[in-house]
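S.K.: Structure below; questions to follow.
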Number of protein chains: 2
Amino acid sequence: MRHFEEQLDELQHRLMQMSGLVESAVYRSILALVEKDADQANQVLQKESEINRMEIDIDDLAVRLLALDQPVAGDLRFITAAIKINGDLERMGDLAAGIAERSLGLMREPLVKPLIDIPHMANLAESMVRKALDSFVKRDSDLARSVLVSDDAVDELRDSIYNELIDYMQKDPATVRQSISLMFVARALERIADHATNIAEDVLFLVDGVDVRHHAEIRSDAEQKPLAS
Amino acid sequence: MRHFEEQLDELQHRLMQMSGLVESAVYRSILALVEKDADQANQVLQKESEINRMEIDIDDLAVRLLALDQPVAGDLRFITAAIKINGDLERMGDLAAGIAERSLGLMREPLVKPLIDIPHMANLAESMVRKALDSFVKRDSDLARSVLVSDDAVDELRDSIYNELIDYMQKDPATVRQSISLMFVARALERIADHATNIAEDVLFLVDGVDVRHHAEIRSDAEQKPLAS
């Protein structure tokens with residue numbers, strides 16, 4: 001077995017790889033929707049099993065490190081954070097696959113309106129995933145806090161998308177099925193952003209030892225801080 | 001510090017307690033919806049912070065056990081399963097709170113139809129949570145497999161609820177907002193059932209050492225097995 005430090009690097013490296021796949025899956029799933037591009041959607045669905053496989057391998061590596069090297073203190077916190085981040089990334093992959101499936105379902109009908117807020121929300125969610133993983137790699141708690149702040153912008157976008165779609169459905173019952181599919185896409189993006197937020201919270205715990213889960217007051221402090229660029 | 005075995009028992013005991021709170025939250029959130037009972041909904045919202053607190057305490061205990069006792073093999077698998085189950089239970093608590101909020105939103109208007117499938121789906125989801133935790137406590141892989149089978153019944157109910165609600169919305173635009181709330185309730189129940197399924201998969205890994213995540217073929221084998229009573 002290689003040196004322990006090398007194995008920790010390997011664990012981090014694999015999480016970064018997995019995060020790259022997940023970001024690309026989110027991007028392609030929305031591209032499939034906006035451009036009506038079935039190839040992109042199918043690529044996302046094909047990559048899903050690769051992401052699932054990575055989750056299992058990363059879990060195995062992490063548990064092996066726990067078992068064989070009996071790490072203490074900081075290393076232990078790092079490995080338990082890695083296990084959680086791994087689970088969050090895998091769920092994001094599932095959600096991107098769900099968006100790809102919805103996109104395929106919407107491929108043959110014209111969209112009731114050009115999509116603007118959904119791609120915007122997707123950009124925001126992708127950037128949250130990237131920042132969350134960067135903050136993990138760099139142990140950068142300011143960057144992690146900036147992810148928590150973005151989560152509120154995502155929630156606002158979701159509300160505005162919902163209200164607009166409800167309006168469409170009320171005015172024209174023929175748009176009900178399509179509008180519901182688009183609501184599910186918005187909901188999936190919101191959940192992807194939530195998982196990025198979970199990762200950022202794990203990073204804050206790892207770096208500062210502060211547990212910010214379920215503490216709205218700490219999160220609103222973060223909102224008053226200037227954003228890391 | 002108490003004996004290691006006692007601490008493992010404590011960990012299991014706390015997960016059972018938390019599961020009891022979560023089951024009760026799911027039950028009450030649906031009761032609030034069906035009976036238009038705001039007290040029940042408010043109780044669920046109040047209990048949410050207790051569930052969140054339990055999640056953090058259980059995580060702390062598990063990480064302490066990993067750090068201080070450096071467990072190996074079976075104990076290690078048990079503790080990592082406990083960490084995952086803990087996360088799944090906490091998310092179920094969030095979802096029940098989401099249902100309670102939707103119930104409060106629907107309190108003042110008459111429902112477009114008597115609710116039948118949603119309470120049915122809720123019963124099924126609650127029983128999956130209970131069976132998943134029982135299978136963990138008893139290390140009973142047959143019981144865990146029965147949870148995987150129920151998940152398909154939940155998905156069928158969800159489809160039938162969706163289709164019915166879409167029908168309502170298309171026929172009467174005045175029902176759009178209410179129908180969407182009910183779709184979200186059905187979706188939350190589906191996700192609660194998914195989390196119970198995650199727990200059952202963790203139990204199968206713990207007991208049999210078989211990793212059934214992402215392996216549809218193994219799950220469909222389970223479907224051909226007679227159900228554990």
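Residues are named by chain letter and number: chains run A, B, ... in the order of the structure tokens, numbers start at 1 in each chain, and ligands are numbered from 1 in the order shown.
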Which residues of chain A are close to chain B, meaning at most 10 Å apart when you count only C-alpha atoms, and how do they look as a PyMOL selection string?
M.R.: chain A and resi 48-49+52-53+55-56+59+63-64+66-73+75-77+80+83-84+87+162-163+166-177+180+183-184+211+213-215
S.K.: Quick one: residues within 12 Å of Asn123 of chain B, only C-alpha atoms counted, chain neighbours fewer than 3 positions away excluded, as a PyMOL selection string?
M.R.: chain B and resi 23-24+26-31+116-120+126-130+150+153-154+157+189-190+192-193
S.K.: Deliver the residues from the most recent selection as a file, using N, CA and C atoms, as a CSV table (one decimal), in the first residue's frame.
M.R.:
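Output (selection.csv):
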chain,number,residue,atom,x,y,z
B,23,GLU,N,-40.7,8.9,11.4
B,23,GLU,CA,-42.0,8.2,11.0
B,23,GLU,C,-43.2,9.0,11.5
B,24,SER,N,-43.1,9.5,12.7
B,24,SER,CA,-44.2,10.3,13.3
B,24,SER,C,-44.4,11.6,12.5
B,26,VAL,N,-43.7,12.1,9.3
B,26,VAL,CA,-44.4,11.8,8.0
B,26,VAL,C,-45.9,11.6,8.3
B,27,TYR,N,-46.2,10.8,9.3
B,27,TYR,CA,-47.6,10.5,9.6
B,27,TYR,C,-48.4,11.8,9.9
B,28,ARG,N,-47.8,12.6,10.7
B,28,ARG,CA,-48.5,13.9,11.1
B,28,ARG,C,-48.7,14.8,9.9
B,29,SER,N,-47.6,14.9,9.1
B,29,SER,CA,-47.7,15.8,8.0
B,29,SER,C,-48.8,15.5,7.0
B,30,ILE,N,-49.1,14.2,6.9
B,30,ILE,CA,-50.2,13.7,6.0
B,30,ILE,C,-51.5,13.9,6.7
B,31,LEU,N,-51.5,13.6,8.0
B,31,LEU,CA,-52.7,13.8,8.8
B,31,LEU,C,-53.2,15.3,8.7
B,116,ILE,N,-57.0,9.9,-1.5
B,116,ILE,CA,-57.0,8.5,-1.2
B,116,ILE,C,-55.6,7.9,-1.5
B,117,ASP,N,-55.1,8.2,-2.7
B,117,ASP,CA,-53.8,7.6,-3.1
B,117,ASP,C,-52.6,8.2,-2.2
B,118,ILE,N,-52.7,9.5,-1.9
B,118,ILE,CA,-51.6,10.1,-1.2
B,118,ILE,C,-51.5,9.5,0.2
B,119,PRO,N,-52.6,9.4,1.0
B,119,PRO,CA,-52.5,8.7,2.3
B,119,PRO,C,-52.0,7.2,2.1
B,120,HIS,N,-52.4,6.6,1.1
B,120,HIS,CA,-52.0,5.2,0.8
B,120,HIS,C,-50.4,5.2,0.6
B,126,GLU,N,-44.1,5.2,5.2
B,126,GLU,CA,-43.8,5.0,6.6
B,126,GLU,C,-43.4,3.6,6.9
B,127,SER,N,-44.1,2.6,6.3
B,127,SER,CA,-43.8,1.2,6.6
B,127,SER,C,-42.4,0.9,6.1
B,128,MET,N,-42.0,1.5,5.0
B,128,MET,CA,-40.7,1.2,4.4
B,128,MET,C,-39.6,1.8,5.4
B,129,VAL,N,-39.8,2.9,5.9
B,129,VAL,CA,-38.9,3.5,6.9
B,129,VAL,C,-38.7,2.6,8.1
B,130,ARG,N,-39.9,2.1,8.6
B,130,ARG,CA,-39.8,1.3,9.8
B,130,ARG,C,-39.1,-0.1,9.5
B,150,SER,N,-40.9,-2.7,-2.2
B,150,SER,CA,-42.0,-1.7,-2.0
B,150,SER,C,-41.8,-0.5,-2.7
B,153,ALA,N,-43.8,-0.2,-5.8
B,153,ALA,CA,-45.2,0.1,-5.6
B,153,ALA,C,-45.4,1.6,-5.4
B,154,VAL,N,-44.4,2.2,-4.7
B,154,VAL,CA,-44.5,3.7,-4.4
B,154,VAL,C,-44.4,4.4,-5.8
B,157,LEU,N,-47.7,4.3,-7.6
B,157,LEU,CA,-48.7,5.2,-7.0
B,157,LEU,C,-48.4,6.6,-7.4
B,189,LEU,N,-43.1,12.2,-0.8
B,189,LEU,CA,-43.3,10.9,-0.3
B,189,LEU,C,-42.4,9.9,-1.1
B,190,GLU,N,-42.3,10.1,-2.4
B,190,GLU,CA,-41.5,9.2,-3.2
B,190,GLU,C,-40.0,9.3,-2.8
B,192,ILE,N,-39.0,10.2,0.2
B,192,ILE,CA,-38.9,9.5,1.5
B,192,ILE,C,-38.7,8.0,1.3
B,193,ALA,N,-39.5,7.5,0.4
B,193,ALA,CA,-39.4,6.0,0.1
B,193,ALA,C,-38.0,5.7,-0.5
S.K.: With only C-alpha atoms as the basis for distance, which of A:Leu106, A:Ala196, A:Val137, A:Ala125 is at the shortest distance from Leu11 of chain A?
M.R.: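 Closest to Leu11 of chain A of all the choices is A:Val137.
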S.K.: When you draw a straight line from atom CA of Ala100 of chain B to atom CA of Ala41 of chain B, how long is it in Å?
M.R.: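 Between atom CA of Ala100 of chain B and atom CA of Ala41 of chain B the gap works out to 4.7 Å.
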S.K.: For segment 132-135 of chain B, list every protein, DNA or RNA residue within 12 Å, evaluated using only C-alpha atoms, and leave out those in the same chain fewer than 2 positions away; present the list as a VMD selection string.
M.R.: chain B and resid 12 to 20 22 to 23 81 to 82 85 to 86 88 to 89 125 to 130 137 to 151 192 to 207 228
S.K.: How many Å lie between atom CA of Val44 of chain B and atom CA of Ala96 of chain B, rounded to one decimal?
M.R.: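 Straight-line distance from atom CA of Val44 of chain B to atom CA of Ala96 of chain B works out to 7.3 Å.
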S.K.: When you draw a straight line from atom CA of Arg91 of chain B to atom CA of Lys47 of chain B, how long is it in Å?
M.R.: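 Between atom CA of Arg91 of chain B and atom CA of Lys47 of chain B the gap works out to 13.4 Å.
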